[in-house]
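Content type mmCIF, C-alpha atoms and all ligand atoms, from the file coords.cif:
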```
data_upload
loop_
_atom_site.label_atom_id
_atom_site.label_comp_id
_atom_site.auth_asym_id
_atom_site.auth_seq_id
_atom_site.Cartn_x
_atom_site.Cartn_y
_atom_site.Cartn_z
CA MET A 1 11.78 -27.46 -117.66
CA SER A 2 15.01 -25.50 -117.53
CA SER A 3 16.25 -24.11 -114.24
CA PRO A 4 15.78 -20.37 -113.78
CA SER A 5 18.67 -18.05 -114.63
CA PRO A 6 20.16 -16.00 -111.77
CA ALA A 7 18.17 -13.01 -112.98
CA GLU A 8 14.92 -14.97 -112.89
CA SER A 9 15.66 -16.22 -109.38
CA GLN A 10 16.32 -12.66 -108.29
CA ALA A 11 13.13 -11.47 -109.97
CA ALA A 12 11.10 -13.94 -107.96
CA MET A 13 12.41 -12.43 -104.73
CA SER A 14 12.06 -8.77 -105.71
CA GLU A 15 9.92 -6.40 -103.70
CA THR A 16 8.07 -3.82 -105.80
CA ILE A 17 5.79 -0.86 -105.28
CA ASP A 18 2.14 -1.43 -106.13
CA GLU A 19 1.04 0.65 -109.14
CA ALA A 20 -2.36 1.07 -107.44
CA LEU A 21 -0.70 2.90 -104.54
CA ILE A 22 0.91 5.34 -106.99
CA ALA A 23 -2.37 5.83 -108.84
CA SER A 24 -4.44 6.48 -105.70
CA SER A 25 -1.86 8.91 -104.34
CA ASN A 26 -1.76 10.80 -107.66
CA GLN A 27 -5.54 10.85 -107.84
CA ALA A 28 -5.88 12.34 -104.36
CA ALA A 29 -3.48 15.16 -105.27
CA ASP A 30 -4.90 15.75 -108.74
CA PRO A 31 -7.21 18.75 -108.03
CA VAL A 32 -4.36 20.72 -106.43
CA LEU A 33 -1.96 19.83 -109.23
CA ARG A 34 -4.53 20.87 -111.86
CA ALA A 35 -4.97 24.28 -110.23
CA ASP A 36 -1.22 24.86 -109.72
CA TYR A 37 -0.33 23.67 -113.22
CA ASP A 38 -2.95 25.90 -114.87
CA ALA A 39 -1.88 28.93 -112.84
CA LEU A 40 1.79 28.39 -113.73
CA GLY A 41 0.81 27.78 -117.37
CA GLU A 42 -0.92 31.16 -117.51
CA LYS A 43 2.01 32.94 -115.88
CA LEU A 44 4.51 31.34 -118.29
CA LEU A 45 2.32 32.09 -121.29
CA ARG A 46 2.53 35.83 -120.45
CA ASN A 47 6.30 35.44 -121.07
CA GLY A 48 5.65 33.51 -124.29
CA GLN A 49 6.52 30.12 -122.77
CA ASP A 50 4.55 26.95 -123.40
CA ILE A 51 4.16 24.91 -120.19
CA ASP A 52 3.37 21.68 -122.03
CA LEU A 53 6.61 21.93 -124.01
CA LEU A 54 8.51 22.37 -120.73
CA THR A 55 6.70 19.36 -119.27
CA ARG A 56 7.75 17.28 -122.28
CA ARG A 57 11.34 18.43 -121.77
CA ALA A 58 11.14 17.39 -118.12
CA GLN A 59 9.82 13.98 -119.16
CA ALA A 60 12.66 13.51 -121.65
CA PHE A 61 15.31 14.39 -119.07
CA GLY A 62 17.29 11.59 -117.47
CA VAL A 63 20.15 11.32 -115.02
CA ALA A 64 21.95 8.01 -114.31
CA ILE A 65 22.05 6.43 -110.87
CA PRO A 66 25.41 5.10 -109.70
CA SER A 67 24.94 1.54 -108.44
CA TRP A 68 26.98 2.32 -105.33
CA GLY A 69 24.70 5.23 -104.45
CA VAL A 70 21.87 2.96 -103.27
CA GLY A 71 24.02 1.63 -100.43
CA THR A 72 24.59 3.72 -97.31
CA GLY A 73 27.79 5.71 -97.59
CA GLY A 74 30.33 6.48 -94.94
CA THR A 75 32.99 8.95 -93.95
CA ARG A 76 36.68 8.44 -93.22
CA PHE A 77 35.58 7.89 -89.62
CA ALA A 78 32.71 5.45 -89.72
CA ARG A 79 29.87 3.97 -91.64
CA PHE A 80 26.46 3.44 -90.08
CA PRO A 81 24.65 0.78 -92.12
CA GLY A 82 20.98 1.29 -92.88
CA VAL A 83 18.06 -1.13 -92.88
CA GLY A 84 17.62 -3.30 -95.98
CA GLU A 85 20.78 -2.26 -97.76
CA PRO A 86 21.42 -4.00 -101.09
CA ARG A 87 23.55 -7.12 -100.71
CA ASN A 88 24.66 -7.37 -104.31
CA VAL A 89 24.26 -5.76 -107.71
CA PHE A 90 20.85 -7.38 -108.26
CA ASP A 91 19.50 -5.78 -105.07
CA LYS A 92 21.05 -2.51 -106.26
CA LEU A 93 19.23 -2.79 -109.58
CA ASP A 94 15.96 -3.45 -107.71
CA ASP A 95 16.45 -0.24 -105.71
CA CYS A 96 17.35 1.70 -108.87
CA ALA A 97 14.12 0.41 -110.45
CA ILE A 98 12.11 1.80 -107.51
CA ILE A 99 13.80 5.19 -107.93
CA GLN A 100 12.90 5.17 -111.63
CA GLN A 101 9.37 3.83 -111.05
CA LEU A 102 8.53 6.76 -108.74
CA SER A 103 10.66 9.61 -110.13
CA ARG A 104 10.72 8.74 -113.86
CA ALA A 105 13.93 10.73 -114.19
CA THR A 106 16.53 7.98 -113.73
CA PRO A 107 16.28 5.43 -116.57
CA SER A 108 19.86 4.14 -116.40
CA VAL A 109 22.40 2.74 -113.96
CA SER A 110 26.16 3.21 -113.90
CA LEU A 111 28.04 0.13 -112.67
CA HIS A 112 31.29 -0.01 -110.78
CA ILE A 113 33.71 -2.85 -111.42
CA PRO A 114 34.67 -4.95 -109.47
CA TRP A 115 32.03 -3.94 -106.88
CA ASP A 116 29.29 -5.02 -109.30
CA HIS A 117 31.11 -7.83 -111.05
CA GLU A 118 28.55 -10.43 -112.15
CA ASP A 119 27.62 -12.54 -115.13
CA PRO A 120 26.86 -10.00 -117.91
CA GLN A 121 23.92 -12.01 -119.21
CA ALA A 122 22.29 -12.09 -115.78
CA LEU A 123 22.88 -8.34 -115.44
CA ARG A 124 21.36 -7.65 -118.83
CA GLU A 125 18.31 -9.82 -118.17
CA ARG A 126 17.69 -8.31 -114.75
CA ALA A 127 17.99 -4.73 -116.05
CA ALA A 128 15.72 -5.49 -119.01
CA ALA A 129 13.10 -7.03 -116.70
CA LEU A 130 13.22 -3.86 -114.59
CA GLY A 131 13.14 -1.50 -117.58
CA LEU A 132 16.61 -0.10 -116.86
CA SER A 133 19.59 0.41 -119.15
CA PHE A 134 23.30 0.73 -118.39
CA ASP A 135 25.15 4.02 -118.51
CA ALA A 136 28.96 4.45 -118.43
CA MET A 137 31.08 1.79 -116.71
CA ASN A 138 33.32 2.85 -113.83
CA SER A 139 36.67 1.16 -113.26
CA ASN A 140 38.29 0.90 -109.86
CA THR A 141 42.04 1.03 -109.51
CA PHE A 142 42.01 3.07 -106.31
CA GLN A 143 41.77 0.11 -103.91
CA ASP A 144 43.16 -3.41 -103.78
CA GLN A 145 40.94 -6.43 -104.32
CA ALA A 146 41.39 -9.74 -102.49
CA ASP A 147 42.61 -11.63 -105.58
CA GLN A 148 44.83 -8.85 -106.87
CA GLU A 149 48.50 -9.55 -107.55
CA ARG A 150 49.96 -6.03 -107.30
CA SER A 151 48.96 -3.21 -104.95
CA TYR A 152 47.69 0.25 -105.91
CA LYS A 153 49.00 1.76 -102.67
CA PHE A 154 51.39 3.95 -104.67
CA GLY A 155 49.23 4.42 -107.75
CA SER A 156 47.75 2.47 -110.61
CA LEU A 157 47.89 3.81 -114.18
CA SER A 158 50.82 6.06 -113.23
CA HIS A 159 52.62 3.60 -110.92
CA THR A 160 56.42 3.47 -111.15
CA ASP A 161 56.19 -0.31 -111.67
CA ALA A 162 55.33 -1.31 -115.26
CA ALA A 163 53.58 -4.54 -114.22
CA THR A 164 51.25 -2.64 -111.87
CA ARG A 165 50.38 -0.21 -114.65
CA GLU A 166 49.71 -3.16 -116.93
CA GLN A 167 47.40 -4.72 -114.34
CA ALA A 168 45.46 -1.44 -114.12
CA VAL A 169 45.21 -1.18 -117.92
CA GLU A 170 43.94 -4.75 -118.09
CA HIS A 171 41.28 -4.00 -115.48
CA ASN A 172 40.00 -1.07 -117.53
CA ILE A 173 39.92 -3.21 -120.67
CA ARG A 174 37.96 -5.83 -118.73
CA CYS A 175 35.46 -3.10 -117.78
CA ILE A 176 35.04 -2.29 -121.48
CA GLU A 177 34.41 -5.98 -122.24
CA ILE A 178 31.77 -6.27 -119.50
CA GLY A 179 30.23 -2.99 -120.66
CA LYS A 180 30.02 -4.23 -124.25
CA ALA A 181 28.18 -7.34 -123.06
CA ILE A 182 25.55 -5.34 -121.13
CA GLY A 183 24.96 -2.56 -123.66
CA SER A 184 26.99 0.26 -122.12
CA SER A 185 28.89 2.60 -124.41
CA GLY A 186 31.18 4.52 -122.12
CA LEU A 187 34.01 4.08 -119.63
CA THR A 188 34.75 6.55 -116.85
CA VAL A 189 38.28 6.46 -115.52
CA TRP A 190 38.96 8.12 -112.22
CA VAL A 191 42.25 7.33 -110.50
CA GLY A 192 43.37 8.10 -106.96
CA ASP A 193 46.97 8.41 -108.17
CA GLY A 194 49.00 11.28 -106.80
CA SER A 195 51.43 11.94 -103.97
CA ASN A 196 51.34 12.90 -100.31
CA PHE A 197 54.77 14.52 -99.96
CA PRO A 198 56.65 17.08 -101.99
CA GLY A 199 59.39 15.17 -103.79
CA GLN A 200 57.57 11.83 -103.55
CA SER A 201 56.84 11.67 -107.28
CA HIS A 202 58.44 13.10 -110.39
CA MET A 203 55.41 15.01 -111.61
CA SER A 204 56.22 14.96 -115.33
CA ALA A 205 57.34 11.34 -115.44
CA GLN A 206 54.29 10.28 -113.44
CA PHE A 207 51.98 12.07 -115.89
CA ASP A 208 53.80 10.52 -118.86
CA ARG A 209 53.25 7.05 -117.39
CA TYR A 210 49.56 7.87 -116.88
CA LEU A 211 49.16 9.08 -120.47
CA ASP A 212 50.91 6.01 -121.85
CA ALA A 213 48.55 3.71 -119.89
CA MET A 214 45.49 5.71 -120.92
CA LYS A 215 46.52 5.42 -124.57
CA GLN A 216 46.46 1.63 -124.22
CA ILE A 217 42.93 1.79 -122.77
CA TYR A 218 41.83 4.20 -125.47
CA ALA A 219 43.12 1.79 -128.13
CA ALA A 220 40.78 -0.90 -126.75
CA LEU A 221 37.65 1.28 -127.08
CA PRO A 222 34.96 0.11 -129.50
CA GLU A 223 34.14 2.61 -132.22
CA ASN A 224 30.90 3.87 -130.71
CA TRP A 225 32.30 4.22 -127.18
CA GLN A 226 33.26 7.28 -125.18
CA LEU A 227 36.12 7.47 -122.70
CA PHE A 228 35.56 9.91 -119.83
CA THR A 229 38.36 11.06 -117.59
CA GLU A 230 37.38 12.66 -114.30
CA HIS A 231 39.61 15.10 -112.51
CA LYS A 232 39.81 15.65 -108.77
CA MET A 233 41.91 18.20 -106.95
CA TYR A 234 42.80 16.15 -103.88
CA GLU A 235 41.92 13.00 -101.95
CA PRO A 236 43.01 10.27 -101.51
CA ALA A 237 46.35 11.91 -102.38
CA PHE A 238 46.77 15.14 -100.44
CA TYR A 239 49.82 16.86 -101.92
CA SER A 240 49.32 16.31 -105.63
CA THR A 241 46.90 14.47 -107.87
CA VAL A 242 47.79 13.19 -111.33
CA VAL A 243 44.51 14.40 -112.89
CA GLN A 244 43.99 17.39 -110.64
CA ASP A 245 41.97 19.95 -112.56
CA TRP A 246 39.98 20.61 -115.73
CA GLY A 247 43.02 21.97 -117.57
CA THR A 248 44.98 18.74 -117.09
CA ASN A 249 41.84 16.81 -117.92
CA TYR A 250 41.47 18.76 -121.15
CA LEU A 251 45.08 18.02 -122.09
CA ILE A 252 44.47 14.31 -121.52
CA ALA A 253 41.32 14.26 -123.66
CA GLN A 254 43.12 16.19 -126.36
CA GLU A 255 46.10 13.84 -126.28
CA LEU A 256 43.95 10.69 -126.44
CA GLY A 257 41.69 11.58 -129.34
CA PRO A 258 38.11 12.30 -130.41
CA GLN A 259 36.47 9.55 -128.31
CA ALA A 260 37.93 11.01 -125.11
CA SER A 261 36.29 13.83 -123.19
CA CYS A 262 36.20 15.32 -119.72
CA LEU A 263 33.83 14.60 -116.88
CA VAL A 264 33.11 17.37 -114.41
CA ASP A 265 32.12 16.45 -110.85
CA LEU A 266 30.70 19.34 -108.81
CA GLY A 267 32.78 18.45 -105.76
CA HIS A 268 36.19 17.98 -107.35
CA HIS A 269 37.44 21.57 -107.48
CA ALA A 270 39.16 24.07 -105.27
CA PRO A 271 36.72 25.99 -103.02
CA ASN A 272 34.79 28.76 -104.79
CA VAL A 273 35.92 27.76 -108.28
CA ASN A 274 33.51 28.93 -110.99
CA ILE A 275 32.32 25.52 -112.18
CA GLU A 276 29.78 26.81 -114.68
CA MET A 277 32.65 28.50 -116.45
CA ILE A 278 34.53 25.19 -116.69
CA VAL A 279 31.44 23.77 -118.39
CA ALA A 280 31.55 26.57 -120.95
CA ARG A 281 35.29 26.22 -121.56
CA LEU A 282 35.31 22.45 -122.08
CA ALA A 283 32.22 22.59 -124.28
CA ARG A 284 33.79 25.29 -126.44
CA PHE A 285 36.40 22.74 -127.49
CA GLY A 286 34.03 19.79 -127.74
CA LYS A 287 35.50 18.08 -124.70
CA LEU A 288 32.68 18.20 -122.16
CA GLY A 289 31.72 14.54 -121.83
CA GLY A 290 29.42 14.67 -118.88
CA PHE A 291 28.65 15.81 -115.39
CA HIS A 292 28.48 14.25 -111.94
CA PHE A 293 25.94 15.97 -109.72
CA ASN A 294 26.13 16.37 -105.95
CA ASP A 295 26.52 19.27 -103.55
CA SER A 296 29.11 20.42 -101.08
CA LYS A 297 29.93 23.02 -98.48
CA TYR A 298 33.65 22.53 -97.88
CA GLY A 299 35.16 20.02 -100.28
CA ASP A 300 34.15 16.81 -102.01
CA ASP A 301 31.31 16.40 -99.52
CA ASP A 302 29.12 14.32 -101.88
CA LEU A 303 25.93 15.74 -100.38
CA ASP A 304 22.59 15.60 -102.20
CA ALA A 305 22.37 17.67 -105.39
CA GLY A 306 20.80 21.06 -104.70
CA ALA A 307 20.83 20.55 -100.92
CA ILE A 308 23.30 23.36 -100.15
CA ASP A 309 23.54 25.60 -103.18
CA PRO A 310 20.67 25.19 -105.63
CA PHE A 311 21.60 28.47 -107.35
CA ARG A 312 25.00 27.07 -108.34
CA LEU A 313 23.25 23.98 -109.72
CA PHE A 314 21.01 26.30 -111.72
CA LEU A 315 24.01 28.25 -113.06
CA VAL A 316 25.66 25.00 -114.17
CA PHE A 317 22.44 24.05 -115.97
CA ASN A 318 22.19 27.51 -117.45
CA GLU A 319 25.41 26.68 -119.34
CA LEU A 320 24.36 23.10 -120.13
CA VAL A 321 20.98 24.19 -121.51
CA ASP A 322 22.60 26.98 -123.50
CA LEU A 323 24.78 24.30 -125.12
CA GLU A 324 21.84 21.98 -125.63
CA LEU A 325 19.91 24.71 -127.42
CA ARG A 326 22.85 25.75 -129.58
CA GLN A 327 24.01 22.29 -130.67
CA THR A 328 21.15 19.86 -130.26
CA GLU A 329 22.66 17.14 -132.44
CA LYS A 330 26.17 16.94 -131.08
CA PHE A 331 25.65 17.66 -127.40
CA LYS A 332 24.76 14.46 -125.55
CA PRO A 333 26.42 14.70 -122.15
CA ALA A 334 26.43 11.80 -119.71
CA TYR A 335 24.63 12.96 -116.56
CA MET A 336 25.02 11.02 -113.33
CA LEU A 337 24.31 11.59 -109.64
CA ASP A 338 27.47 11.00 -107.61
CA GLN A 339 26.66 11.25 -103.93
CA SER A 340 27.18 9.49 -100.63
CA HIS A 341 24.22 9.11 -98.29
CA ASN A 342 25.29 8.92 -94.68
CA VAL A 343 22.22 10.07 -92.75
CA THR A 344 19.31 9.60 -95.16
CA ASP A 345 17.64 6.70 -96.93
CA PRO A 346 19.64 6.40 -100.19
CA ILE A 347 16.49 5.81 -102.27
CA GLU A 348 14.84 8.96 -100.88
CA SER A 349 18.02 10.98 -101.39
CA LEU A 350 18.51 9.79 -104.97
CA MET A 351 14.88 10.50 -105.90
CA THR A 352 15.05 13.96 -104.33
CA SER A 353 18.38 14.70 -106.03
CA ALA A 354 17.14 13.54 -109.44
CA MET A 355 14.20 15.92 -109.02
CA GLU A 356 16.49 18.79 -107.98
CA VAL A 357 18.66 18.24 -111.06
CA GLN A 358 15.54 18.08 -113.23
CA ARG A 359 14.27 21.27 -111.57
CA ALA A 360 17.48 23.16 -112.37
CA TYR A 361 17.26 21.87 -115.94
CA ILE A 362 13.72 23.21 -116.40
CA GLN A 363 14.50 26.50 -114.64
CA ALA A 364 17.42 26.94 -117.04
CA HIS A 365 14.99 26.44 -119.92
CA LEU A 366 12.99 29.40 -118.57
CA VAL A 367 15.89 31.80 -119.11
CA ASP A 368 14.88 34.36 -121.71
CA ARG A 369 17.97 33.88 -123.89
CA PRO A 370 17.33 36.68 -126.41
CA ALA A 371 16.79 39.10 -123.50
CA LEU A 372 19.95 37.85 -121.80
CA ALA A 373 21.96 38.24 -125.03
CA ALA A 374 20.64 41.80 -125.43
CA CYS A 375 21.67 42.70 -121.86
CA GLN A 376 25.10 41.21 -122.48
CA GLU A 377 25.50 43.19 -125.71
CA ASP A 378 24.49 46.39 -123.87
CA ASN A 379 26.78 45.60 -120.94
CA ASP A 380 23.75 45.86 -118.69
CA ALA A 381 25.07 43.76 -115.82
CA LEU A 382 22.17 44.37 -113.47
CA MET A 383 19.43 43.41 -115.90
CA ALA A 384 21.42 40.41 -117.20
CA ASN A 385 21.52 39.07 -113.67
CA GLN A 386 17.80 39.77 -113.27
CA VAL A 387 17.03 37.70 -116.37
CA LEU A 388 18.72 34.73 -114.74
CA LYS A 389 17.10 35.40 -111.37
CA ARG A 390 13.64 35.59 -112.91
CA ALA A 391 14.05 32.05 -114.26
CA TYR A 392 15.59 30.79 -111.02
CA ARG A 393 12.82 32.27 -108.85
CA THR A 394 10.06 30.55 -110.84
CA ASP A 395 8.61 27.61 -108.92
CA VAL A 396 8.49 24.87 -111.56
CA GLU A 397 7.27 22.18 -109.15
CA PRO A 398 3.92 21.70 -110.98
CA ILE A 399 5.84 20.98 -114.21
CA LEU A 400 7.95 18.32 -112.52
CA GLN A 401 4.90 16.80 -110.84
CA GLN A 402 2.95 16.72 -114.09
CA ALA A 403 5.91 15.20 -115.94
CA ARG A 404 6.08 12.37 -113.40
CA VAL A 405 2.34 11.75 -113.50
CA ASN A 406 2.34 11.73 -117.33
CA ALA A 407 5.15 9.17 -117.34
CA GLY A 408 3.42 6.90 -114.81
CA GLY A 409 5.46 7.98 -111.80
CA ALA A 410 4.42 9.44 -108.49
CA MET A 411 3.51 13.07 -107.99
CA ASP A 412 5.15 12.83 -104.55
CA PRO A 413 7.80 10.08 -104.84
CA VAL A 414 9.13 10.25 -101.28
CA GLN A 415 5.64 10.07 -99.71
CA VAL A 416 4.64 7.09 -101.87
CA PHE A 417 7.96 5.40 -101.09
CA ARG A 418 7.32 5.80 -97.36
CA ASP A 419 3.70 4.67 -97.67
CA SER A 420 4.80 1.58 -99.61
CA ARG A 421 7.02 0.41 -96.71
CA TYR A 422 9.49 -0.86 -99.34
CA ARG A 423 12.45 -0.27 -97.03
CA GLN A 424 10.88 -2.23 -94.18
CA ARG A 425 9.95 -5.05 -96.56
CA VAL A 426 13.45 -5.38 -98.05
CA GLY A 427 14.78 -5.10 -94.50
CA GLN A 428 13.24 -8.53 -93.87
CA LEU A 429 15.05 -10.00 -96.89
CA ARG A 430 18.39 -8.27 -96.60
CA PRO A 431 20.29 -8.67 -93.33
CA MET A 432 22.17 -5.59 -92.17
CA VAL A 433 25.82 -5.48 -93.17
CA SER A 434 28.59 -3.45 -91.61
CA GLY A 435 31.86 -3.08 -93.48
CA ALA A 436 33.97 -0.45 -95.09
CA GLY A 437 33.22 2.84 -96.80
CA GLY A 438 30.57 3.51 -99.36
CA GLY A 439 32.82 4.20 -102.30
CA ILE A 440 33.07 7.86 -103.10
CA VAL A 441 34.57 8.69 -106.47
MN MN B 1 32.33 11.67 -109.69
#
```
Could you rewrite the structure in this file as structure tokens?
Ligand SMILES: [Mn+2]
Amino acid sequence: MSSPSPAESQAAMSETIDEALIASSNQAADPVLRADYDALGEKLLRNGQDIDLLTRRAQAFGVAIPSWGVGTGGTRFARFPGVGEPRNVFDKLDDCAIIQQLSRATPSVSLHIPWDHEDPQALRERAAALGLSFDAMNSNTFQDQADQERSYKFGSLSHTDAATREQAVEHNIRCIEIGKAIGSSGLTVWVGDGSNFPGQSHMSAQFDRYLDAMKQIYAALPENWQLFTEHKMYEPAFYSTVVQDWGTNYLIAQELGPQASCLVDLGHHAPNVNIEMIVARLARFGKLGGFHFNDSKYGDDDLDAGAIDPFRLFLVFNELVDLELRQTEKFKPAYMLDQSHNVTDPIESLMTSAMEVQRAYIQAHLVDRPALAACQEDNDALMANQVLKRAYRTDVEPILQQARVNAGGAMDPVQVFRDSRYRQRVGQLRPMVSGAGGGIV
């Protein structure tokens, strides 16, 4: 008898949620769901909309979970560890599987290297056993690792020192190699490079160095891969950032080639920037690669998607759905949640956020697009806005609930999660860890 692989050993220790608990909870709520679903179906039919088609769309929708999101996050001041936090990438995959089991809206996981560095075969086996796949890889050249020769204190891909840039390029190429071995087909590059003082960096030369390094990474991409660059206005650098806004990001993607496109993160802009318009602009030139969902009040707060401003989330999806409907073949954006959970259970937050993103997606599908186009043609600003508001005001909860039930998930994921006592059970297996921040990118 052969000894078990690491993935098999992990599988033996995994805590799961009993399917019978999900089934009994769904059954108890079924009469109410039936009534609500039928009532909404009738209401939508009066507007010529087929509720079952919308439910199928909700079922087909997926948003990736970032592996680091299942750990408790932190702020620049402190981190308060939670009970039963994942100790390693296998624990993280277990938690991601729970999120998918209950919400049925999160079929894939986005890994972060080196935080999740492990034997690719073990990763692949574990994910396959859990029914998960791998989304885009994320490289990390914004902090130093214990075994690292050169420091990223003054930058990585744009560093003044050629050997440091080379080290950062090599790390990204290693991420591609790991990604190839686990079935990923994308690399997201976000760098913390920038400057804290006027005069600290020669802005043009620094950008040239960044572009040169990115071209080396691009050259290592397999044919079917996508390279996503993610901009961020400030933090950790507070005076200037090398990839600071969508315009610079567009220039980078344009310079690199057809496999490069831009990633938009809701929190990475100046306050009050019209993010839905950025979506439209990048898409117009075929350079919208994907979207990172979260919410914010003041800056890159990384709060739960839809927690603060669900209307803005809806407006972003109004653009995304418009694109989806106009170019169904070509438009395949990478969607990921990118949040930090400081005061909530990460599993509960990620399930709730996935449902909020799915809700905005379905609400955007309710927009009467011919009516909207007619209002726009007539310059009828008031009625155009009302067309959007009518979709946004529709409570699509029964559609989301039905989609989950159809797919084998829970009608009420958070309640079933609490009833299952999963967190308390893994708390017995996973000792509490303190340590540094939760990794916010
Ligand atoms: Mn992000």
Check: What is the distance between atom CA of A:Asn140 and atom CA of A:Ala168, in Å to one decimal?
Finding: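 Distance between the two atoms: 8.7 Å.
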Notebook entry, point to check: When distances are computed from all atoms listed in the file, which of A:Thr248, A:Asn47, A:Gln363, A:Thr229 shows the smallest separation from A:Asp395?
Noted result: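 Closest to A:Asp395, using all atoms listed in the file: A:Gln363.
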Next item on the list: Could you pull out the residues sitting within 7 Å of ligand MN 1 (chain B), using all atoms listed in the file, and write them as JSON, numbers by chain?
Entry: {"A": [230, 265, 292, 338, 441]}
Next item on the list: May I ask for the distance between atom CA of A:Ala220 and atom CA of A:Gln254, given in Å to one decimal place?
Entry: 17.3 Å
Test item: axis-aligned box, all listed atoms of stretch 318-334 of chain A, 6 Å on each side, centre and edges in Å rounded to one decimal, as AutoDock Vina command-line options:
```
--center_x 23.2 --center_y 19.7 --center_z -124.9 --size_x 18.5 --size_y 27.7 --size_z 27.0
```
Item checked: Residue contacts of A:Cys262 (8 Å, all atoms listed in the file) excluding same-chain residues fewer than 3 positions away, as a VMD selection string -> chain A and resid 228 to 231 246 249 to 250 253 282 287 to 290
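Ranking A:Ala97, A:Glu324, A:Lys92, A:Gln415 by their shortest atom-to-atom distance to A:Thr16, with all atoms listed in the file included, puts A:Ala97 first.
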Margin query: My list of candidates is A:Ser156, A:Thr352, A:Asn274, A:Asn172. Which is closest to A:Val242 when distances are computed with all atoms listed in the file?
Written below: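 Ranked by minimum distance to A:Val242, first place goes to A:Ser156.
Counting from atom CA of A:Thr55, the distance to atom CA of A:Arg393 is 17.7 Å.
Neighbours of A:Tyr335 closer than or equal to 9 Å, with only C-alpha atoms counted and sequence neighbours fewer than 2 positions away skipped, come out as A:Gly62, A:Val63, A:Ala64, A:Gly289, A:Gly290, A:Phe291, A:His292, A:Phe293, A:Pro333, A:Leu337.
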Checklist line | Spatial neighbours of A:Leu157, 7 Å, all atoms listed in the file, chain gap at least 6 places, as a list in words | finding: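 The contact residues come out as Arg165, Ala168, Val169, Tyr210 and Ala213 of chain A.
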Dump stretch 165-182 of chain A with C-alpha atoms to a file, as a short mmCIF file (atom, residue, chain, number, x, y, z; two decimals), in the first residue's frame.
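Final output, decode-v2.cif:
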```cif
data_model
loop_
_atom_site.label_atom_id
_atom_site.label_comp_id
_atom_site.auth_asym_id
_atom_site.auth_seq_id
_atom_site.Cartn_x
_atom_site.Cartn_y
_atom_site.Cartn_z
CA ARG A 165 14.39 43.76 -10.94
CA GLU A 166 15.65 40.44 -12.25
CA GLN A 167 14.72 38.73 -8.98
CA ALA A 168 11.20 40.17 -9.23
CA VAL A 169 10.87 39.06 -12.87
CA GLU A 170 12.01 35.56 -11.91
CA HIS A 171 9.42 35.41 -9.13
CA ASN A 172 6.64 36.26 -11.59
CA ILE A 173 7.89 33.62 -14.03
CA ARG A 174 7.89 31.11 -11.16
CA CYS A 175 4.24 32.04 -10.49
CA ILE A 176 3.44 31.27 -14.14
CA GLU A 177 5.17 27.88 -13.82
CA ILE A 178 3.22 26.98 -10.67
CA GLY A 179 0.02 28.23 -12.32
CA LYS A 180 0.63 26.05 -15.38
CA ALA A 181 1.02 23.01 -13.14
CA ILE A 182 -2.29 23.61 -11.33
#
```
